[in-house]
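First the structure, in the form of structure tokens, and then the observations on it.
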Amino acid sequence: MAQLSPLTSDVARLQEIAGRLRVDIIEMLTEAGSGHPGGSLSALDTIVALFFARMRHAPAEPHWAGRDRFVLSKGHAVPALYAAMAEAGYFPKAELMTLRKTGSRLQGHPVNSALPGIEAPTGSLGQGLSVAQGMALASKMAGGAFHVYCMLGDGESQEGQVWEAAMSAPRYKLDTLTAILDYNGGQIDGPVKDVMDIEPVADKWRAFNWHVVSINGHDMKAILGALDAARSVKGKPTLIIANTVKGHGVSFMEHQISWHGATPNREQAAKAVAELRALAVRQQEGN
């Protein structure tokens with residue numbers, strides 16, 4: 001039996017981890033000088049809930065056959081995944097500062113051949129759900145040996161391949177699959193509703209016979225509840241619509257499309273880190 005990563009349902013503990021990882025995201029992106037802070041910060045809380053509260057995984061044995069899988073279809077948000085993986089022990093945290101550098105295992109999009117623990121290479125948007133569906137089908141055929149989670153972007157959901165997978169997963173009754181929509185409302189070209197509106201998104205997925213749950217994607221208790229509900233659903237896949245804020249936690253990044261793919265300079269990074277640490281203190285005092 002693999003040595004599983006320890007999990008917790010302590011909301012305060014999970015919030016504390018998320019607070020530290022937000023700082024890691026800012027620092028590694030600043031060091032890299034390129035990357036995507038907005039969507040990394042919006043996606044982080046759900047990723048923390050998965051890696052530290054709900055997924056069965058073994059950092060020392062990343063290819064353990066019984067592990068739950070996480071596919072980051074919106075691959076540009078990989079700094080959030082790298083931060084979580086380093087915290088969980090997949091690789092030393094110091095390696096985060098090699099993000100996007102020549103020869104680094106931490107490229108700007110996930111590369112599974114470079115870094116053990118990455119389940120699939122993603123970057124060409126729209127492909128992750130199809131990959132996750134294949135994994136979930138394998139699990140279903142093996143009696144539900146593991147669960148597969150796939151995080152999608154809202155702008156990414158404009159891709160046709162997403163809807164092909166959305167249509168076919170219920171056909172195979174894939175209750176071993178949970179998709180998570182990081183619904184922060186922004187993509188590189190502008191607000192999602194102006195570029196190519198995906199609404200009514202919940203109704204569309206329900207029409208394809210998915211179980212759909214909509215939550216505040218920064219409410220850790222709500223995230224845990226939705227993930228638990230997804231594991232209990234039988235006979236169909238689940239979509240969790242995580243309503244989030246692009247750039248969450250950094251005042252001058254929040255809701256700003258310009259921070260989709262721009263990185264802070266040293267002065268901006270210092271301000272962001274100060275805000276994030278202050279937010280973490282307020283959260284701990286409120287628990």
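Chain identifiers are assigned as A, B, and so on, following the order in which chains appear in the structure tokens; residues are numbered from 1 within each chain, and ligands are numbered from 1 in order of appearance.
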
Go through region 106-192 of chain A and flag each residue having an atom no more than 8 Å from region 235-248 of chain A; for those, report the closest pair of atoms plus their distance in Å to one decimal, using only C-alpha atoms, ordered by chain and rising number, as JSON lines.
```
{"residue": "A:Ala169", "atom": "CA", "partner": "A:Pro237", "partner_atom": "CA", "distance": 6.8}
{"residue": "A:Pro170", "atom": "CA", "partner": "A:Lys236", "partner_atom": "CA", "distance": 5.3}
{"residue": "A:Tyr172", "atom": "CA", "partner": "A:Lys236", "partner_atom": "CA", "distance": 7.9}
{"residue": "A:Lys173", "atom": "CA", "partner": "A:Lys236", "partner_atom": "CA", "distance": 4.5}
{"residue": "A:Leu174", "atom": "CA", "partner": "A:Pro237", "partner_atom": "CA", "distance": 5.1}
{"residue": "A:Asp175", "atom": "CA", "partner": "A:Pro237", "partner_atom": "CA", "distance": 4.5}
{"residue": "A:Thr176", "atom": "CA", "partner": "A:Pro237", "partner_atom": "CA", "distance": 6.8}
{"residue": "A:Leu177", "atom": "CA", "partner": "A:Pro237", "partner_atom": "CA", "distance": 5.2}
{"residue": "A:Thr178", "atom": "CA", "partner": "A:Thr238", "partner_atom": "CA", "distance": 4.8}
{"residue": "A:Ala179", "atom": "CA", "partner": "A:Leu239", "partner_atom": "CA", "distance": 4.7}
{"residue": "A:Ile180", "atom": "CA", "partner": "A:Ile240", "partner_atom": "CA", "distance": 4.7}
{"residue": "A:Leu181", "atom": "CA", "partner": "A:Ile241", "partner_atom": "CA", "distance": 4.9}
{"residue": "A:Asp182", "atom": "CA", "partner": "A:Ala242", "partner_atom": "CA", "distance": 5.3}
{"residue": "A:Tyr183", "atom": "CA", "partner": "A:Asn243", "partner_atom": "CA", "distance": 4.8}
{"residue": "A:Asn184", "atom": "CA", "partner": "A:Thr244", "partner_atom": "CA", "distance": 4.6}
{"residue": "A:Gly185", "atom": "CA", "partner": "A:Lys246", "partner_atom": "CA", "distance": 7.5}
{"residue": "A:Gly186", "atom": "CA", "partner": "A:Lys246", "partner_atom": "CA", "distance": 7.1}
```

Let's have the selection written as a PDB file, in the first residue's frame, with N, CA and C atoms.
```
ATOM      1  N   ALA A 169     -19.673  11.663 -21.637  1.00  0.00           N
ATOM      2  CA  ALA A 169     -19.429  11.126 -20.292  1.00  0.00           C
ATOM      3  C   ALA A 169     -20.692  10.557 -19.644  1.00  0.00           C
ATOM      4  N   PRO A 170     -21.843  11.239 -19.720  1.00  0.00           N
ATOM      5  CA  PRO A 170     -23.056  10.641 -19.144  1.00  0.00           C
ATOM      6  C   PRO A 170     -23.488   9.372 -19.877  1.00  0.00           C
ATOM      7  N   TYR A 172     -21.730   7.002 -20.670  1.00  0.00           N
ATOM      8  CA  TYR A 172     -21.050   5.882 -20.024  1.00  0.00           C
ATOM      9  C   TYR A 172     -21.251   5.872 -18.505  1.00  0.00           C
ATOM     10  N   LYS A 173     -22.176   6.705 -18.031  1.00  0.00           N
ATOM     11  CA  LYS A 173     -22.547   6.746 -16.602  1.00  0.00           C
ATOM     12  C   LYS A 173     -21.311   6.926 -15.704  1.00  0.00           C
ATOM     13  N   LEU A 174     -20.474   7.894 -16.069  1.00  0.00           N
ATOM     14  CA  LEU A 174     -19.178   8.051 -15.403  1.00  0.00           C
ATOM     15  C   LEU A 174     -19.291   8.797 -14.077  1.00  0.00           C
ATOM     16  N   ASP A 175     -19.770   8.083 -13.063  1.00  0.00           N
ATOM     17  CA  ASP A 175     -19.793   8.649 -11.714  1.00  0.00           C
ATOM     18  C   ASP A 175     -18.408   8.670 -11.090  1.00  0.00           C
ATOM     19  N   THR A 176     -17.412   8.212 -11.834  1.00  0.00           N
ATOM     20  CA  THR A 176     -16.009   8.302 -11.411  1.00  0.00           C
ATOM     21  C   THR A 176     -15.363   9.596 -11.884  1.00  0.00           C
ATOM     22  N   LEU A 177     -16.162  10.500 -12.448  1.00  0.00           N
ATOM     23  CA  LEU A 177     -15.644  11.751 -13.007  1.00  0.00           C
ATOM     24  C   LEU A 177     -16.340  12.958 -12.388  1.00  0.00           C
ATOM     25  N   THR A 178     -15.541  13.912 -11.922  1.00  0.00           N
ATOM     26  CA  THR A 178     -16.050  15.206 -11.458  1.00  0.00           C
ATOM     27  C   THR A 178     -15.316  16.303 -12.218  1.00  0.00           C
ATOM     28  N   ALA A 179     -16.068  17.133 -12.919  1.00  0.00           N
ATOM     29  CA  ALA A 179     -15.499  18.312 -13.571  1.00  0.00           C
ATOM     30  C   ALA A 179     -15.741  19.530 -12.686  1.00  0.00           C
ATOM     31  N   ILE A 180     -14.789  20.435 -12.676  1.00  0.00           N
ATOM     32  CA  ILE A 180     -14.890  21.659 -11.877  1.00  0.00           C
ATOM     33  C   ILE A 180     -14.675  22.837 -12.818  1.00  0.00           C
ATOM     34  N   LEU A 181     -15.648  23.706 -12.909  1.00  0.00           N
ATOM     35  CA  LEU A 181     -15.550  24.888 -13.755  1.00  0.00           C
ATOM     36  C   LEU A 181     -15.092  26.070 -12.909  1.00  0.00           C
ATOM     37  N   ASP A 182     -13.892  26.563 -13.185  1.00  0.00           N
ATOM     38  CA  ASP A 182     -13.392  27.754 -12.484  1.00  0.00           C
ATOM     39  C   ASP A 182     -14.001  28.973 -13.183  1.00  0.00           C
ATOM     40  N   TYR A 183     -15.128  29.414 -12.659  1.00  0.00           N
ATOM     41  CA  TYR A 183     -15.953  30.422 -13.328  1.00  0.00           C
ATOM     42  C   TYR A 183     -15.609  31.812 -12.798  1.00  0.00           C
ATOM     43  N   ASN A 184     -14.484  32.353 -13.294  1.00  0.00           N
ATOM     44  CA  ASN A 184     -14.048  33.676 -12.826  1.00  0.00           C
ATOM     45  C   ASN A 184     -14.481  34.800 -13.759  1.00  0.00           C
ATOM     46  N   GLY A 185     -15.125  34.448 -14.861  1.00  0.00           N
ATOM     47  CA  GLY A 185     -15.744  35.444 -15.728  1.00  0.00           C
ATOM     48  C   GLY A 185     -14.829  36.154 -16.704  1.00  0.00           C
ATOM     49  N   GLY A 186     -13.545  35.793 -16.713  1.00  0.00           N
ATOM     50  CA  GLY A 186     -12.622  36.516 -17.584  1.00  0.00           C
ATOM     51  C   GLY A 186     -11.716  35.608 -18.381  1.00  0.00           C
TER      52      GLY A 186
END
```

Per-residue nearest contacts of region 73-177 of chain A to region 28-49 of chain A (6 Å; only C-alpha atoms) as JSON lines:
```
{"residue": "A:Ala77", "atom": "CA", "partner": "A:Ser40", "partner_atom": "CA", "distance": 4.4}
{"residue": "A:Ala80", "atom": "CA", "partner": "A:Ser40", "partner_atom": "CA", "distance": 5.1}
{"residue": "A:Leu96", "atom": "CA", "partner": "A:Met28", "partner_atom": "CA", "distance": 6.0}
{"residue": "A:Met97", "atom": "CA", "partner": "A:Met28", "partner_atom": "CA", "distance": 5.1}
{"residue": "A:Leu99", "atom": "CA", "partner": "A:Ala32", "partner_atom": "CA", "distance": 5.8}
```

Any chance you could list, as an MDAnalysis selection string, the residues in region 192-277 of chain A that come up strand (DSSP E or B) when DSSP is run on the backbone? chainID A and resid 211:216 238:243

Using only C-alpha atoms: which of A:Gln158, A:Gln15, A:Ser9, A:Ser258 has the shortest distance to Asp197 (chain A): A:Gln158

Using only C-alpha atoms, which protein or nucleic acid residues come within 12 Å of Phe91 (chain A)? Drop anything in the same chain fewer than 6 positions from it, and give the result as a list in words.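 Here the qualifying residues turn out to be Pro59, Ala60, Glu61, Pro62, Tyr82, Ala83, Ala84, Met85, Thr98, Arg105, Leu106, Leu115, Pro116, Gly117 and Ile118 of chain A.
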
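The neighbours of Met196 (chain A) here are the residues that come within 8 Å of it, using only C-alpha atoms and leaving out any residue fewer than 3 positions away in the same chain; they are Gly155, Gln158, Val192 and Lys193 of chain A.
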
Export N, CA and C atoms of the chosen residues as a short mmCIF file (atom, residue, chain, number, x, y, z; two decimals), in the first residue's frame?
```cif
data_model
loop_
_atom_site.label_atom_id
_atom_site.label_comp_id
_atom_site.auth_asym_id
_atom_site.auth_seq_id
_atom_site.Cartn_x
_atom_site.Cartn_y
_atom_site.Cartn_z
N GLY A 155 -13.58 30.42 -20.08
CA GLY A 155 -13.28 30.74 -21.47
C GLY A 155 -12.96 29.49 -22.27
N GLN A 158 -15.66 27.46 -24.19
CA GLN A 158 -16.13 27.83 -25.52
C GLN A 158 -15.64 26.85 -26.59
N VAL A 192 -15.89 36.85 -20.37
CA VAL A 192 -16.41 35.68 -21.07
C VAL A 192 -17.75 35.97 -21.72
N LYS A 193 -18.61 36.70 -21.01
CA LYS A 193 -19.95 36.97 -21.53
C LYS A 193 -19.92 37.82 -22.79
#
```

Between CA of Gly261 (chain A) and CA of Gln107 (chain A), measure the distance and give it in Å to one decimal. 14.9 Å

Straight-line distance linking CA of Val111 (chain A) with CA of Ser73 (chain A), stated in Å to one decimal: 11.9 Å

Could you give me the residues within region 34-283 of chain A that DSSP places in helix (DSSP H, G or I), as a compact mmCIF listing (two decimals) with N, CA and C atoms, in the first residue's frame?
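Output (states_12.txt):
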```txt
# COMPACT_ATOMS: atom_id res chain seq x y z
N PRO A 37 -1.28 34.97 -13.36
CA PRO A 37 -1.70 35.07 -11.96
C PRO A 37 -3.21 35.02 -11.76
N GLY A 38 -3.99 35.66 -12.64
CA GLY A 38 -5.43 35.79 -12.41
C GLY A 38 -6.13 34.47 -12.22
N GLY A 39 -5.98 33.58 -13.18
CA GLY A 39 -6.64 32.28 -13.11
C GLY A 39 -6.00 31.31 -12.14
N SER A 40 -4.72 31.51 -11.83
CA SER A 40 -4.07 30.67 -10.82
C SER A 40 -4.64 30.98 -9.44
N LEU A 41 -4.83 32.25 -9.15
CA LEU A 41 -5.37 32.65 -7.85
C LEU A 41 -6.84 32.28 -7.71
N SER A 42 -7.59 32.33 -8.81
CA SER A 42 -9.01 31.98 -8.72
C SER A 42 -9.19 30.47 -8.52
N ALA A 43 -8.31 29.67 -9.09
CA ALA A 43 -8.45 28.21 -9.04
C ALA A 43 -7.93 27.59 -7.76
N LEU A 44 -7.14 28.32 -7.00
CA LEU A 44 -6.34 27.70 -5.95
C LEU A 44 -7.15 27.03 -4.85
N ASP A 45 -8.23 27.63 -4.39
CA ASP A 45 -8.95 27.07 -3.24
C ASP A 45 -9.46 25.66 -3.51
N THR A 46 -9.99 25.44 -4.70
CA THR A 46 -10.45 24.10 -5.04
C THR A 46 -9.29 23.12 -5.13
N ILE A 47 -8.17 23.56 -5.69
CA ILE A 47 -7.00 22.69 -5.78
C ILE A 47 -6.49 22.32 -4.39
N VAL A 48 -6.49 23.27 -3.48
CA VAL A 48 -6.09 22.98 -2.10
C VAL A 48 -7.05 21.97 -1.47
N ALA A 49 -8.34 22.15 -1.67
CA ALA A 49 -9.32 21.22 -1.11
C ALA A 49 -9.10 19.81 -1.64
N LEU A 50 -8.76 19.69 -2.92
CA LEU A 50 -8.51 18.37 -3.49
C LEU A 50 -7.25 17.74 -2.92
N PHE A 51 -6.14 18.45 -2.96
CA PHE A 51 -4.86 17.85 -2.59
C PHE A 51 -4.68 17.64 -1.09
N PHE A 52 -5.38 18.44 -0.29
CA PHE A 52 -5.13 18.36 1.15
C PHE A 52 -6.35 17.92 1.95
N ALA A 53 -7.48 17.67 1.26
CA ALA A 53 -8.67 17.25 1.99
C ALA A 53 -9.39 16.05 1.39
N ARG A 54 -9.35 15.87 0.07
CA ARG A 54 -10.23 14.87 -0.51
C ARG A 54 -9.58 13.85 -1.45
N GLY A 75 -4.54 24.68 -18.45
CA GLY A 75 -3.14 24.47 -18.09
C GLY A 75 -2.36 25.72 -17.74
N HIS A 76 -2.84 26.89 -18.20
CA HIS A 76 -2.11 28.13 -17.89
C HIS A 76 -2.16 28.47 -16.40
N ALA A 77 -3.08 27.83 -15.65
CA ALA A 77 -3.16 28.07 -14.20
C ALA A 77 -2.26 27.12 -13.42
N VAL A 78 -1.29 26.52 -14.08
CA VAL A 78 -0.45 25.52 -13.44
C VAL A 78 0.37 26.03 -12.25
N PRO A 79 0.66 27.34 -12.11
CA PRO A 79 1.34 27.75 -10.87
C PRO A 79 0.59 27.33 -9.61
N ALA A 80 -0.74 27.34 -9.66
CA ALA A 80 -1.53 26.89 -8.50
C ALA A 80 -1.30 25.41 -8.24
N LEU A 81 -1.23 24.62 -9.30
CA LEU A 81 -0.99 23.19 -9.15
C LEU A 81 0.42 22.93 -8.65
N TYR A 82 1.41 23.62 -9.20
CA TYR A 82 2.79 23.44 -8.74
C TYR A 82 2.92 23.79 -7.25
N ALA A 83 2.28 24.87 -6.84
CA ALA A 83 2.36 25.28 -5.43
C ALA A 83 1.80 24.20 -4.53
N ALA A 84 0.66 23.62 -4.93
CA ALA A 84 0.04 22.56 -4.13
C ALA A 84 0.90 21.30 -4.11
N MET A 85 1.45 20.95 -5.26
CA MET A 85 2.28 19.75 -5.32
C MET A 85 3.54 19.88 -4.47
N ALA A 86 4.17 21.06 -4.50
CA ALA A 86 5.36 21.28 -3.68
C ALA A 86 5.01 21.19 -2.20
N GLU A 87 3.89 21.79 -1.82
CA GLU A 87 3.44 21.75 -0.43
C GLU A 87 3.17 20.32 0.02
N ALA A 88 2.63 19.51 -0.90
CA ALA A 88 2.30 18.12 -0.57
C ALA A 88 3.52 17.21 -0.56
N LYS A 93 10.17 22.73 -2.36
CA LYS A 93 9.53 24.03 -2.61
C LYS A 93 10.48 25.01 -3.29
N ALA A 94 11.77 24.87 -3.06
CA ALA A 94 12.73 25.77 -3.70
C ALA A 94 12.65 25.69 -5.22
N GLU A 95 12.19 24.55 -5.73
CA GLU A 95 12.10 24.36 -7.18
C GLU A 95 11.03 25.25 -7.81
N LEU A 96 10.12 25.77 -7.00
CA LEU A 96 9.09 26.66 -7.53
C LEU A 96 9.70 27.87 -8.23
N MET A 97 10.86 28.29 -7.75
CA MET A 97 11.50 29.47 -8.34
C MET A 97 12.14 29.20 -9.70
N THR A 98 12.05 27.96 -10.18
CA THR A 98 12.55 27.65 -11.52
C THR A 98 11.44 27.71 -12.56
N GLY A 128 -8.59 18.72 -21.87
CA GLY A 128 -8.44 18.04 -20.59
C GLY A 128 -9.60 17.17 -20.19
N LEU A 129 -10.83 17.60 -20.48
CA LEU A 129 -11.99 16.82 -20.07
C LEU A 129 -12.05 15.49 -20.82
N SER A 130 -11.64 15.48 -22.08
CA SER A 130 -11.60 14.22 -22.84
C SER A 130 -10.58 13.26 -22.24
N VAL A 131 -9.43 13.78 -21.86
CA VAL A 131 -8.40 12.96 -21.22
C VAL A 131 -8.92 12.41 -19.89
N ALA A 132 -9.52 13.28 -19.10
CA ALA A 132 -10.05 12.86 -17.80
C ALA A 132 -11.15 11.82 -17.97
N GLN A 133 -11.97 11.98 -19.01
CA GLN A 133 -13.03 11.02 -19.26
C GLN A 133 -12.46 9.63 -19.54
N GLY A 134 -11.36 9.57 -20.30
CA GLY A 134 -10.73 8.28 -20.56
C GLY A 134 -10.24 7.63 -19.28
N MET A 135 -9.64 8.43 -18.41
CA MET A 135 -9.18 7.90 -17.12
C MET A 135 -10.36 7.41 -16.29
N ALA A 136 -11.44 8.19 -16.27
CA ALA A 136 -12.62 7.84 -15.48
C ALA A 136 -13.29 6.58 -16.01
N LEU A 137 -13.26 6.40 -17.33
CA LEU A 137 -13.82 5.18 -17.91
C LEU A 137 -12.99 3.96 -17.50
N ALA A 138 -11.66 4.13 -17.49
CA ALA A 138 -10.79 3.04 -17.02
C ALA A 138 -11.11 2.68 -15.58
N SER A 139 -11.33 3.69 -14.74
CA SER A 139 -11.67 3.44 -13.35
C SER A 139 -13.01 2.73 -13.24
N LYS A 140 -13.99 3.18 -14.02
CA LYS A 140 -15.32 2.57 -14.01
C LYS A 140 -15.23 1.09 -14.38
N MET A 141 -14.42 0.78 -15.38
CA MET A 141 -14.26 -0.61 -15.83
C MET A 141 -13.56 -1.46 -14.77
N GLU A 156 -12.29 28.55 -21.63
CA GLU A 156 -11.98 27.28 -22.27
C GLU A 156 -13.25 26.54 -22.69
N SER A 157 -14.32 26.75 -21.95
CA SER A 157 -15.58 26.04 -22.22
C SER A 157 -16.23 26.48 -23.53
N GLN A 158 -15.66 27.46 -24.19
CA GLN A 158 -16.13 27.83 -25.52
C GLN A 158 -15.64 26.85 -26.59
N GLY A 160 -15.27 23.46 -28.66
CA GLY A 160 -16.21 22.41 -29.02
C GLY A 160 -15.89 21.07 -28.40
N GLN A 161 -14.60 20.76 -28.23
CA GLN A 161 -14.24 19.44 -27.69
C GLN A 161 -14.76 19.27 -26.27
N VAL A 162 -14.87 20.37 -25.52
CA VAL A 162 -15.43 20.29 -24.17
C VAL A 162 -16.84 19.72 -24.23
N TRP A 163 -17.62 20.18 -25.21
CA TRP A 163 -19.02 19.76 -25.29
C TRP A 163 -19.17 18.35 -25.84
N GLU A 164 -18.22 17.91 -26.64
CA GLU A 164 -18.24 16.50 -27.06
C GLU A 164 -18.04 15.60 -25.84
N ALA A 165 -17.09 15.95 -24.99
CA ALA A 165 -16.85 15.16 -23.78
C ALA A 165 -18.03 15.29 -22.81
N ALA A 166 -18.59 16.48 -22.72
CA ALA A 166 -19.75 16.69 -21.84
C ALA A 166 -20.92 15.83 -22.27
N MET A 167 -21.07 15.61 -23.56
CA MET A 167 -22.16 14.80 -24.07
C MET A 167 -21.90 13.31 -23.87
N SER A 168 -20.64 12.88 -24.02
CA SER A 168 -20.36 11.44 -24.00
C SER A 168 -20.16 10.88 -22.59
N ALA A 169 -19.67 11.66 -21.64
CA ALA A 169 -19.43 11.13 -20.29
C ALA A 169 -20.69 10.56 -19.64
N PRO A 170 -21.84 11.24 -19.72
CA PRO A 170 -23.06 10.64 -19.14
C PRO A 170 -23.49 9.37 -19.88
N ARG A 171 -23.16 9.28 -21.17
CA ARG A 171 -23.50 8.07 -21.94
C ARG A 171 -22.91 6.83 -21.28
N VAL A 192 -15.89 36.85 -20.37
CA VAL A 192 -16.41 35.68 -21.07
C VAL A 192 -17.75 35.97 -21.72
N LYS A 193 -18.61 36.70 -21.01
CA LYS A 193 -19.95 36.97 -21.53
C LYS A 193 -19.92 37.82 -22.79
N ASP A 194 -18.85 38.59 -22.98
CA ASP A 194 -18.74 39.42 -24.18
C ASP A 194 -18.03 38.70 -25.32
N VAL A 195 -17.08 37.83 -24.99
CA VAL A 195 -16.33 37.13 -26.03
C VAL A 195 -17.19 36.03 -26.65
N MET A 196 -17.73 35.14 -25.80
CA MET A 196 -18.64 34.08 -26.25
C MET A 196 -19.33 33.54 -25.00
N VAL A 201 -25.04 28.14 -18.31
CA VAL A 201 -24.09 27.03 -18.25
C VAL A 201 -24.63 25.86 -17.42
N ALA A 202 -25.27 26.11 -16.29
CA ALA A 202 -25.78 25.01 -15.47
C ALA A 202 -26.85 24.23 -16.22
N ASP A 203 -27.75 24.95 -16.87
CA ASP A 203 -28.82 24.29 -17.62
C ASP A 203 -28.27 23.44 -18.76
N LYS A 204 -27.23 23.92 -19.41
CA LYS A 204 -26.64 23.17 -20.52
C LYS A 204 -26.07 21.84 -20.04
N TRP A 205 -25.32 21.86 -18.96
CA TRP A 205 -24.72 20.61 -18.46
C TRP A 205 -25.80 19.67 -17.92
N ARG A 206 -26.81 20.23 -17.28
CA ARG A 206 -27.91 19.37 -16.81
C ARG A 206 -28.62 18.71 -17.98
N ALA A 207 -28.77 19.45 -19.07
CA ALA A 207 -29.42 18.89 -20.25
C ALA A 207 -28.63 17.72 -20.84
N MET A 220 -14.31 27.48 1.49
CA MET A 220 -13.72 26.16 1.65
C MET A 220 -14.74 25.13 2.11
N LYS A 221 -15.62 25.52 3.00
CA LYS A 221 -16.64 24.58 3.48
C LYS A 221 -17.56 24.16 2.33
N ALA A 222 -17.93 25.12 1.48
CA ALA A 222 -18.79 24.81 0.33
C ALA A 222 -18.08 23.91 -0.66
N ILE A 223 -16.79 24.14 -0.87
CA ILE A 223 -16.01 23.32 -1.79
C ILE A 223 -15.97 21.88 -1.30
N LEU A 224 -15.69 21.69 -0.01
CA LEU A 224 -15.63 20.34 0.55
C LEU A 224 -16.98 19.64 0.43
N GLY A 225 -18.05 20.37 0.70
CA GLY A 225 -19.38 19.79 0.59
C GLY A 225 -19.71 19.36 -0.82
N ALA A 226 -19.32 20.18 -1.79
CA ALA A 226 -19.59 19.85 -3.19
C ALA A 226 -18.78 18.63 -3.64
N LEU A 227 -17.53 18.54 -3.21
CA LEU A 227 -16.70 17.40 -3.56
C LEU A 227 -17.25 16.11 -2.94
N ASP A 228 -17.73 16.20 -1.71
CA ASP A 228 -18.34 15.04 -1.07
C ASP A 228 -19.61 14.61 -1.80
N ALA A 229 -20.42 15.59 -2.18
CA ALA A 229 -21.65 15.28 -2.90
C ALA A 229 -21.35 14.61 -4.23
N ALA A 230 -20.31 15.07 -4.90
CA ALA A 230 -19.94 14.48 -6.19
C ALA A 230 -19.57 13.01 -6.05
N ARG A 231 -18.87 12.67 -4.99
CA ARG A 231 -18.47 11.27 -4.79
C ARG A 231 -19.66 10.39 -4.46
N SER A 232 -20.74 10.97 -3.98
CA SER A 232 -21.91 10.17 -3.59
C SER A 232 -22.89 9.96 -4.74
N ILE A 257 -9.06 41.88 -16.12
CA ILE A 257 -8.64 41.03 -17.23
C ILE A 257 -7.16 41.20 -17.54
N SER A 258 -6.63 42.40 -17.30
CA SER A 258 -5.23 42.68 -17.62
C SER A 258 -4.26 41.76 -16.86
N TRP A 259 -4.72 41.19 -15.75
CA TRP A 259 -3.86 40.30 -14.97
C TRP A 259 -4.06 38.83 -15.35
N ARG A 266 8.60 43.74 -9.00
CA ARG A 266 8.98 43.48 -7.61
C ARG A 266 8.15 44.33 -6.63
N GLU A 267 7.90 45.58 -6.98
CA GLU A 267 7.13 46.45 -6.11
C GLU A 267 5.68 45.96 -6.00
N GLN A 268 5.09 45.61 -7.11
CA GLN A 268 3.72 45.09 -7.10
C GLN A 268 3.65 43.77 -6.34
N ALA A 269 4.65 42.94 -6.51
CA ALA A 269 4.67 41.65 -5.82
C ALA A 269 4.72 41.85 -4.31
N ALA A 270 5.54 42.80 -3.87
CA ALA A 270 5.63 43.06 -2.43
C ALA A 270 4.30 43.52 -1.88
N LYS A 271 3.60 44.36 -2.63
CA LYS A 271 2.27 44.81 -2.20
C LYS A 271 1.29 43.64 -2.16
N ALA A 272 1.33 42.79 -3.17
CA ALA A 272 0.44 41.63 -3.23
C ALA A 272 0.69 40.68 -2.07
N VAL A 273 1.95 40.40 -1.79
CA VAL A 273 2.29 39.48 -0.69
C VAL A 273 1.82 40.06 0.64
N ALA A 274 2.00 41.36 0.84
CA ALA A 274 1.54 41.99 2.08
C ALA A 274 0.03 41.85 2.23
N GLU A 275 -0.70 42.06 1.15
CA GLU A 275 -2.16 41.92 1.20
C GLU A 275 -2.57 40.48 1.50
N LEU A 276 -1.92 39.53 0.88
CA LEU A 276 -2.25 38.13 1.08
C LEU A 276 -1.97 37.69 2.51
N ARG A 277 -0.88 38.15 3.07
CA ARG A 277 -0.56 37.79 4.45
C ARG A 277 -1.54 38.44 5.43
N ALA A 278 -1.96 39.65 5.13
CA ALA A 278 -2.97 40.31 5.97
C ALA A 278 -4.30 39.58 5.88
N LEU A 279 -4.67 39.14 4.68
CA LEU A 279 -5.90 38.37 4.50
C LEU A 279 -5.84 37.07 5.28
N ALA A 280 -4.70 36.41 5.26
CA ALA A 280 -4.56 35.15 5.99
C ALA A 280 -4.75 35.36 7.48
N VAL A 281 -4.23 36.46 8.00
CA VAL A 281 -4.38 36.77 9.43
C VAL A 281 -5.86 36.99 9.76
N ARG A 282 -6.55 37.73 8.91
CA ARG A 282 -7.99 37.99 9.16
C ARG A 282 -8.80 36.70 9.13
N GLN A 283 -8.45 35.80 8.20
CA GLN A 283 -9.17 34.54 8.11
C GLN A 283 -8.95 33.71 9.36
```

Atomic distance CA of Gly123 (chain A) - CA of Pro110 (chain A), expressed in Å with one decimal: 7.3 Å

Closest of A:His211, A:Arg56, A:His63, A:His260 to Glu119 (chain A) - atom-to-atom distances counting only C-alpha atoms: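 Checking each of A:His211, A:Arg56, A:His63, A:His260 against Glu119 (chain A), counting only C-alpha atoms, the winner is A:His63.
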
Skipping near chain neighbours, those fewer than 3 positions away, what residues fall within 9 Å of Trp64 (chain A) using only C-alpha atoms, listed as a PDB file with C-alpha atoms, in the first residue's frame?
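Result file is out.pdb:
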```
ATOM      1  CA  MET A   1       0.000   0.000   0.000  1.00  0.00           C
ATOM      2  CA  ALA A   2       1.340   3.433  -0.915  1.00  0.00           C
ATOM      3  CA  HIS A  57      -2.646  10.438  -3.586  1.00  0.00           C
ATOM      4  CA  ALA A  58       0.900   9.483  -2.696  1.00  0.00           C
ATOM      5  CA  GLU A  61       4.759   7.179  -5.288  1.00  0.00           C
ATOM      6  CA  ARG A  67      -4.463   7.249  -6.755  1.00  0.00           C
TER       7      ARG A  67
END
```
